[in-house]
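Below is start-v6.cif, which holds mmCIF, C-alpha atoms.
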```cif
data_protein
loop_
_atom_site.group_PDB
_atom_site.id
_atom_site.type_symbol
_atom_site.label_atom_id
_atom_site.label_comp_id
_atom_site.auth_asym_id
_atom_site.auth_seq_id
_atom_site.Cartn_x
_atom_site.Cartn_y
_atom_site.Cartn_z
ATOM 1 C CA MET A 962 -9.273 17.174 -4.366
ATOM 2 C CA ARG A 963 -10.166 13.796 -2.857
ATOM 3 C CA VAL A 964 -10.175 12.161 -6.291
ATOM 4 C CA GLY A 965 -6.635 13.388 -6.884
ATOM 5 C CA GLU A 966 -5.574 12.139 -3.450
ATOM 6 C CA PHE A 967 -7.103 8.751 -4.191
ATOM 7 C CA ILE A 968 -5.317 8.487 -7.543
ATOM 8 C CA ALA A 969 -2.008 9.437 -5.899
ATOM 9 C CA PHE A 970 -2.615 6.812 -3.191
ATOM 10 C CA CYS A 971 -3.335 4.166 -5.847
ATOM 11 C CA CYS A 972 -0.028 4.936 -7.565
ATOM 12 C CA ALA A 973 1.883 4.708 -4.286
ATOM 13 C CA PHE A 974 0.028 1.582 -3.180
ATOM 14 C CA SER A 975 0.790 -0.126 -6.499
ATOM 15 C CA VAL A 976 4.492 0.078 -5.603
ATOM 16 C CA VAL A 977 3.840 -1.748 -2.326
ATOM 17 C CA VAL A 978 1.607 -4.317 -4.030
ATOM 18 C CA THR A 979 4.261 -4.964 -6.676
ATOM 19 C CA TRP A 980 6.882 -5.499 -3.982
ATOM 20 C CA VAL A 981 4.640 -7.954 -2.103
ATOM 21 C CA PHE A 982 3.893 -9.798 -5.348
ATOM 22 C CA ASN A 983 7.570 -10.120 -6.238
ATOM 23 C CA ARG A 984 8.752 -11.058 -2.746
ATOM 24 C CA THR A 985 6.135 -13.773 -2.221
ATOM 25 C CA GLY A 986 7.057 -15.709 -5.341
ATOM 26 C CA GLN A 987 4.309 -14.055 -7.396
ATOM 27 C CA SER A 988 1.559 -15.084 -4.997
ATOM 28 C CA LEU A 989 -1.653 -13.415 -6.071
ATOM 29 C CA PRO A 990 -3.617 -14.619 -2.991
ATOM 30 C CA LEU A 991 -1.197 -12.779 -0.676
ATOM 31 C CA VAL A 992 -1.529 -9.613 -2.742
ATOM 32 C CA MET A 993 -5.299 -9.959 -2.544
ATOM 33 C CA LEU A 994 -5.034 -10.444 1.227
ATOM 34 C CA LEU A 995 -2.994 -7.233 1.507
ATOM 35 C CA HIS A 996 -5.553 -5.302 -0.528
ATOM 36 C CA VAL A 997 -8.507 -6.660 1.430
ATOM 37 C CA SER A 998 -6.811 -5.941 4.757
ATOM 38 C CA ILE A 999 -6.275 -2.288 3.781
ATOM 39 C CA ASN A 1000 -9.883 -1.996 2.606
ATOM 40 C CA ASN A 1001 -11.282 -3.595 5.773
ATOM 41 C CA PHE A 1002 -9.085 -1.500 8.046
ATOM 42 C CA MET A 1003 -10.239 1.723 6.408
ATOM 43 C CA SER A 1004 -13.897 0.638 6.328
ATOM 44 C CA ILE A 1005 -14.272 -0.921 9.764
ATOM 45 C CA VAL A 1006 -11.467 -0.128 12.193
ATOM 46 C CA TYR A 1007 -10.119 3.291 11.178
ATOM 47 C CA ALA A 1008 -12.920 5.447 12.587
ATOM 48 C CA ASP A 1009 -12.882 3.612 15.914
ATOM 49 C CA MET A 1010 -9.098 3.774 16.303
ATOM 50 C CA PHE A 1011 -8.713 7.396 15.219
ATOM 51 C CA PRO A 1012 -11.951 9.259 16.034
ATOM 52 C CA SER A 1013 -10.350 12.716 15.866
ATOM 53 C CA ILE A 1014 -9.318 12.244 12.216
ATOM 54 C CA ALA A 1015 -12.217 10.101 11.040
ATOM 55 C CA THR A 1016 -13.657 12.605 8.559
ATOM 56 C CA PRO A 1017 -13.474 11.478 4.930
ATOM 57 C CA ALA A 1018 -11.189 14.351 3.937
ATOM 58 C CA LEU A 1019 -8.685 13.669 6.707
ATOM 59 C CA ALA A 1020 -8.889 9.914 6.188
ATOM 60 C CA SER A 1021 -7.929 10.274 2.532
ATOM 61 C CA ARG A 1022 -4.971 12.471 3.448
ATOM 62 C CA VAL A 1023 -3.789 10.049 6.128
ATOM 63 C CA THR A 1024 -4.141 7.153 3.698
ATOM 64 C CA LEU A 1025 -2.170 9.043 1.059
ATOM 65 C CA LEU A 1026 0.560 9.887 3.564
ATOM 66 C CA ALA A 1027 0.812 6.297 4.827
ATOM 67 C CA GLY A 1028 0.800 4.812 1.327
ATOM 68 C CA THR A 1029 3.410 7.250 0.056
ATOM 69 C CA THR A 1030 5.626 6.640 3.083
ATOM 70 C CA ALA A 1031 5.405 2.878 2.594
ATOM 71 C CA ALA A 1032 6.156 3.205 -1.133
ATOM 72 C CA VAL A 1033 9.177 5.432 -0.552
ATOM 73 C CA LEU A 1034 10.539 3.077 2.112
ATOM 74 C CA VAL A 1035 10.109 0.078 -0.199
ATOM 75 C CA LEU A 1036 11.778 1.921 -3.080
ATOM 76 C CA ILE A 1037 14.727 2.911 -0.891
ATOM 77 C CA ALA A 1038 15.092 -0.517 0.721
ATOM 78 C CA THR A 1039 14.977 -2.386 -2.596
ATOM 79 C CA ARG A 1040 16.915 0.230 -4.566
ATOM 80 C CA GLY A 1041 14.036 0.448 -7.014
ATOM 81 C CA ARG A 1042 13.979 -3.256 -7.875
ATOM 82 C CA LEU A 1043 10.863 -3.978 -5.776
ATOM 83 C CA GLY A 1044 12.022 -7.475 -4.940
ATOM 84 C CA TYR A 1045 12.257 -8.558 -8.564
ATOM 85 C CA ARG A 1046 14.675 -11.392 -9.259
ATOM 86 C CA PRO A 1047 15.298 -12.671 -12.799
ATOM 87 C CA ALA A 1048 14.479 -16.341 -13.375
ATOM 88 C CA GLY A 1049 18.120 -17.483 -13.445
ATOM 89 C CA GLU A 1050 19.071 -15.679 -10.227
ATOM 90 C CA PRO A 1051 18.863 -17.685 -6.933
#
```
With the file now loaded, output its structure as structure tokens.
Amino acid sequence: MRVGEFIAFCCAFSVVVTWVFNRTGQSLPLVMLLHVSINNFMSIVYADMFPSIATPALASRVTLLAGTTAAVLVLIATRGRLGYRPAGEP
């Protein structure tokens, strides 16, 4: 079950990462910073901030819910374009 939740989170998180990449002028360092900040938050801070839901099973569900919510909001806000602008467009 957790493997499926992780795969679903990766799909949702890829939408957010694509949006950040497109909106920052294709800046790979900023995308890497986003990825590292999510990893560090989940590894270091999460259990201290949310001790009642710090079990691995609940953490994966919370991560999936947060990632899916962020992806849906980005898709709605950008109308599915994810911040992409063709080269000739200002």
Expand the PyMOL selection byres ((chain A and resi 964-975) around 7) into the individual residues it matches in the shown file, reporting them as a list in words.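 Output of the PyMOL selection byres ((chain A and resi 964-975) around 7): Met962, Arg963, Val976, Val977, Val978, Thr979, Ser1021, Arg1022, Leu1025, Gly1028, Thr1029 and Ala1032 of chain A.
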When you look at region 991-994 of chain A with a cut-off of 8 Å (counting only C-alpha atoms), what residues show up, excluding the ones that are within fewer than 6 positions of it in the same chain? I need them as a PyMOL selection string. chain A and resi 978+981-982+985
Save the residues we just selected, C-alpha atoms, as a compact mmCIF listing (two decimals), in the coordinates of the input?
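And here is the file that came out, out08.txt:
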```txt
# COMPACT_ATOMS: atom_id res chain seq x y z
CA VAL A 978 1.61 -4.32 -4.03
CA VAL A 981 4.64 -7.95 -2.10
CA PHE A 982 3.89 -9.80 -5.35
CA THR A 985 6.14 -13.77 -2.22
```
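The space between CA of Phe1002 (chain A) and CA of Ala1038 (chain A) spans 25.3 Å.
Distances here use all atoms listed in the file; by that measure, the residue among A:Asn983, A:Val997, A:Ala1015, A:Ser1004 closest to Arg1042 (chain A) is A:Asn983.
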Name every residue that the PyMOL selection byres ((chain A and resi 1007) around 12) selects in this structure, writing the answer as a PyMOL selection string with chains first and numbers rising. chain A and resi 998-1006+1008-1017+1019-1021+1023-1024
Under the PyMOL selection byres ((chain A and resi 1045) around 8), which residues of this model are included? Write them out as a PyMOL selection string. chain A and resi 980+983-984+1042-1044+1046-1047
Could those selected residues go to a file with C-alpha atoms, as a short mmCIF file (atom, residue, chain, number, x, y, z; two decimals), keeping the file's coordinate frame?
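Full text of result.cif as output:
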```
data_model
loop_
_atom_site.label_atom_id
_atom_site.label_comp_id
_atom_site.auth_asym_id
_atom_site.auth_seq_id
_atom_site.Cartn_x
_atom_site.Cartn_y
_atom_site.Cartn_z
CA TRP A 980 6.88 -5.50 -3.98
CA ASN A 983 7.57 -10.12 -6.24
CA ARG A 984 8.75 -11.06 -2.75
CA ARG A 1042 13.98 -3.26 -7.88
CA LEU A 1043 10.86 -3.98 -5.78
CA GLY A 1044 12.02 -7.48 -4.94
CA ARG A 1046 14.68 -11.39 -9.26
CA PRO A 1047 15.30 -12.67 -12.80
#
```
Enter the distance from CA of His996 (chain A) to CA of Ala1048 (chain A), in Å, rounded to one decimal. 26.2 Å
Output file: region 1017-1029 of chain A, all heavy atoms, as a PDB file, in the first residue's frame:
```pdb
ATOM      1  N   PRO A1017       5.079   5.980   9.954  1.00  0.00           N
ATOM      2  CA  PRO A1017       5.358   5.948   8.510  1.00  0.00           C
ATOM      3  C   PRO A1017       4.106   5.827   7.644  1.00  0.00           C
ATOM      4  O   PRO A1017       4.013   6.449   6.590  1.00  0.00           O
ATOM      5  CB  PRO A1017       6.260   4.729   8.349  1.00  0.00           C
ATOM      6  CG  PRO A1017       6.918   4.559   9.668  1.00  0.00           C
ATOM      7  CD  PRO A1017       5.895   4.996  10.677  1.00  0.00           C
ATOM      8  N   ALA A1018       3.137   5.060   8.073  1.00  0.00           N
ATOM      9  CA  ALA A1018       1.919   4.886   7.282  1.00  0.00           C
ATOM     10  C   ALA A1018       1.136   6.192   7.194  1.00  0.00           C
ATOM     11  O   ALA A1018       0.682   6.588   6.118  1.00  0.00           O
ATOM     12  CB  ALA A1018       1.048   3.785   7.882  1.00  0.00           C
ATOM     13  N   LEU A1019       0.990   6.871   8.312  1.00  0.00           N
ATOM     14  CA  LEU A1019       0.255   8.142   8.299  1.00  0.00           C
ATOM     15  C   LEU A1019       1.049   9.231   7.585  1.00  0.00           C
ATOM     16  O   LEU A1019       0.469  10.077   6.904  1.00  0.00           O
ATOM     17  CB  LEU A1019      -0.076   8.570   9.729  1.00  0.00           C
ATOM     18  CG  LEU A1019      -1.165   7.756  10.419  1.00  0.00           C
ATOM     19  CD1 LEU A1019      -1.319   8.200  11.868  1.00  0.00           C
ATOM     20  CD2 LEU A1019      -2.476   7.871   9.690  1.00  0.00           C
ATOM     21  N   ALA A1020       2.354   9.211   7.727  1.00  0.00           N
ATOM     22  CA  ALA A1020       3.183  10.214   7.055  1.00  0.00           C
ATOM     23  C   ALA A1020       3.069  10.085   5.544  1.00  0.00           C
ATOM     24  O   ALA A1020       2.998  11.089   4.837  1.00  0.00           O
ATOM     25  CB  ALA A1020       4.637  10.083   7.490  1.00  0.00           C
ATOM     26  N   SER A1021       3.018   8.868   5.028  1.00  0.00           N
ATOM     27  CA  SER A1021       2.895   8.705   3.582  1.00  0.00           C
ATOM     28  C   SER A1021       1.527   9.160   3.094  1.00  0.00           C
ATOM     29  O   SER A1021       1.409   9.739   2.014  1.00  0.00           O
ATOM     30  CB  SER A1021       3.173   7.256   3.174  1.00  0.00           C
ATOM     31  OG  SER A1021       2.144   6.407   3.614  1.00  0.00           O
ATOM     32  N   ARG A1022       0.496   8.947   3.899  1.00  0.00           N
ATOM     33  CA  ARG A1022      -0.833   9.420   3.500  1.00  0.00           C
ATOM     34  C   ARG A1022      -0.929  10.938   3.532  1.00  0.00           C
ATOM     35  O   ARG A1022      -1.534  11.549   2.647  1.00  0.00           O
ATOM     36  CB  ARG A1022      -1.896   8.804   4.400  1.00  0.00           C
ATOM     37  CG  ARG A1022      -2.084   7.336   4.121  1.00  0.00           C
ATOM     38  CD  ARG A1022      -3.270   6.744   4.832  1.00  0.00           C
ATOM     39  NE  ARG A1022      -3.264   5.309   4.617  1.00  0.00           N
ATOM     40  CZ  ARG A1022      -3.061   4.418   5.572  1.00  0.00           C
ATOM     41  NH1 ARG A1022      -2.878   4.792   6.806  1.00  0.00           N
ATOM     42  NH2 ARG A1022      -3.064   3.139   5.282  1.00  0.00           N
ATOM     43  N   VAL A1023      -0.339  11.550   4.557  1.00  0.00           N
ATOM     44  CA  VAL A1023      -0.339  13.010   4.644  1.00  0.00           C
ATOM     45  C   VAL A1023       0.455  13.609   3.491  1.00  0.00           C
ATOM     46  O   VAL A1023       0.040  14.603   2.880  1.00  0.00           O
ATOM     47  CB  VAL A1023       0.228  13.467   6.008  1.00  0.00           C
ATOM     48  CG1 VAL A1023       0.515  14.951   6.017  1.00  0.00           C
ATOM     49  CG2 VAL A1023      -0.737  13.108   7.121  1.00  0.00           C
ATOM     50  N   THR A1024       1.584  13.010   3.166  1.00  0.00           N
ATOM     51  CA  THR A1024       2.393  13.485   2.050  1.00  0.00           C
ATOM     52  C   THR A1024       1.633  13.361   0.735  1.00  0.00           C
ATOM     53  O   THR A1024       1.654  14.280  -0.093  1.00  0.00           O
ATOM     54  CB  THR A1024       3.706  12.683   1.977  1.00  0.00           C
ATOM     55  OG1 THR A1024       4.357  12.760   3.228  1.00  0.00           O
ATOM     56  CG2 THR A1024       4.624  13.223   0.908  1.00  0.00           C
ATOM     57  N   LEU A1025       0.953  12.252   0.536  1.00  0.00           N
ATOM     58  CA  LEU A1025       0.152  12.063  -0.665  1.00  0.00           C
ATOM     59  C   LEU A1025      -0.970  13.096  -0.738  1.00  0.00           C
ATOM     60  O   LEU A1025      -1.198  13.699  -1.792  1.00  0.00           O
ATOM     61  CB  LEU A1025      -0.438  10.648  -0.708  1.00  0.00           C
ATOM     62  CG  LEU A1025      -1.406  10.350  -1.846  1.00  0.00           C
ATOM     63  CD1 LEU A1025      -0.732  10.536  -3.189  1.00  0.00           C
ATOM     64  CD2 LEU A1025      -1.952   8.942  -1.698  1.00  0.00           C
ATOM     65  N   LEU A1026      -1.634  13.341   0.365  1.00  0.00           N
ATOM     66  CA  LEU A1026      -2.718  14.322   0.386  1.00  0.00           C
ATOM     67  C   LEU A1026      -2.199  15.731   0.091  1.00  0.00           C
ATOM     68  O   LEU A1026      -2.775  16.458  -0.716  1.00  0.00           O
ATOM     69  CB  LEU A1026      -3.424  14.296   1.743  1.00  0.00           C
ATOM     70  CG  LEU A1026      -4.569  15.283   1.926  1.00  0.00           C
ATOM     71  CD1 LEU A1026      -5.692  14.973   0.945  1.00  0.00           C
ATOM     72  CD2 LEU A1026      -5.071  15.241   3.348  1.00  0.00           C
ATOM     73  N   ALA A1027      -1.087  16.104   0.709  1.00  0.00           N
ATOM     74  CA  ALA A1027      -0.517  17.436   0.483  1.00  0.00           C
ATOM     75  C   ALA A1027      -0.027  17.587  -0.949  1.00  0.00           C
ATOM     76  O   ALA A1027      -0.261  18.627  -1.593  1.00  0.00           O
ATOM     77  CB  ALA A1027       0.624  17.682   1.462  1.00  0.00           C
ATOM     78  N   GLY A1028       0.647  16.593  -1.472  1.00  0.00           N
ATOM     79  CA  GLY A1028       1.151  16.652  -2.843  1.00  0.00           C
ATOM     80  C   GLY A1028       0.031  16.704  -3.865  1.00  0.00           C
ATOM     81  O   GLY A1028       0.095  17.462  -4.840  1.00  0.00           O
ATOM     82  N   THR A1029      -1.014  15.927  -3.646  1.00  0.00           N
ATOM     83  CA  THR A1029      -2.147  15.920  -4.564  1.00  0.00           C
ATOM     84  C   THR A1029      -2.895  17.251  -4.509  1.00  0.00           C
ATOM     85  O   THR A1029      -3.293  17.790  -5.551  1.00  0.00           O
ATOM     86  CB  THR A1029      -3.102  14.759  -4.235  1.00  0.00           C
ATOM     87  OG1 THR A1029      -2.360  13.532  -4.277  1.00  0.00           O
ATOM     88  CG2 THR A1029      -4.254  14.693  -5.201  1.00  0.00           C
TER      89      THR A1029
END
```
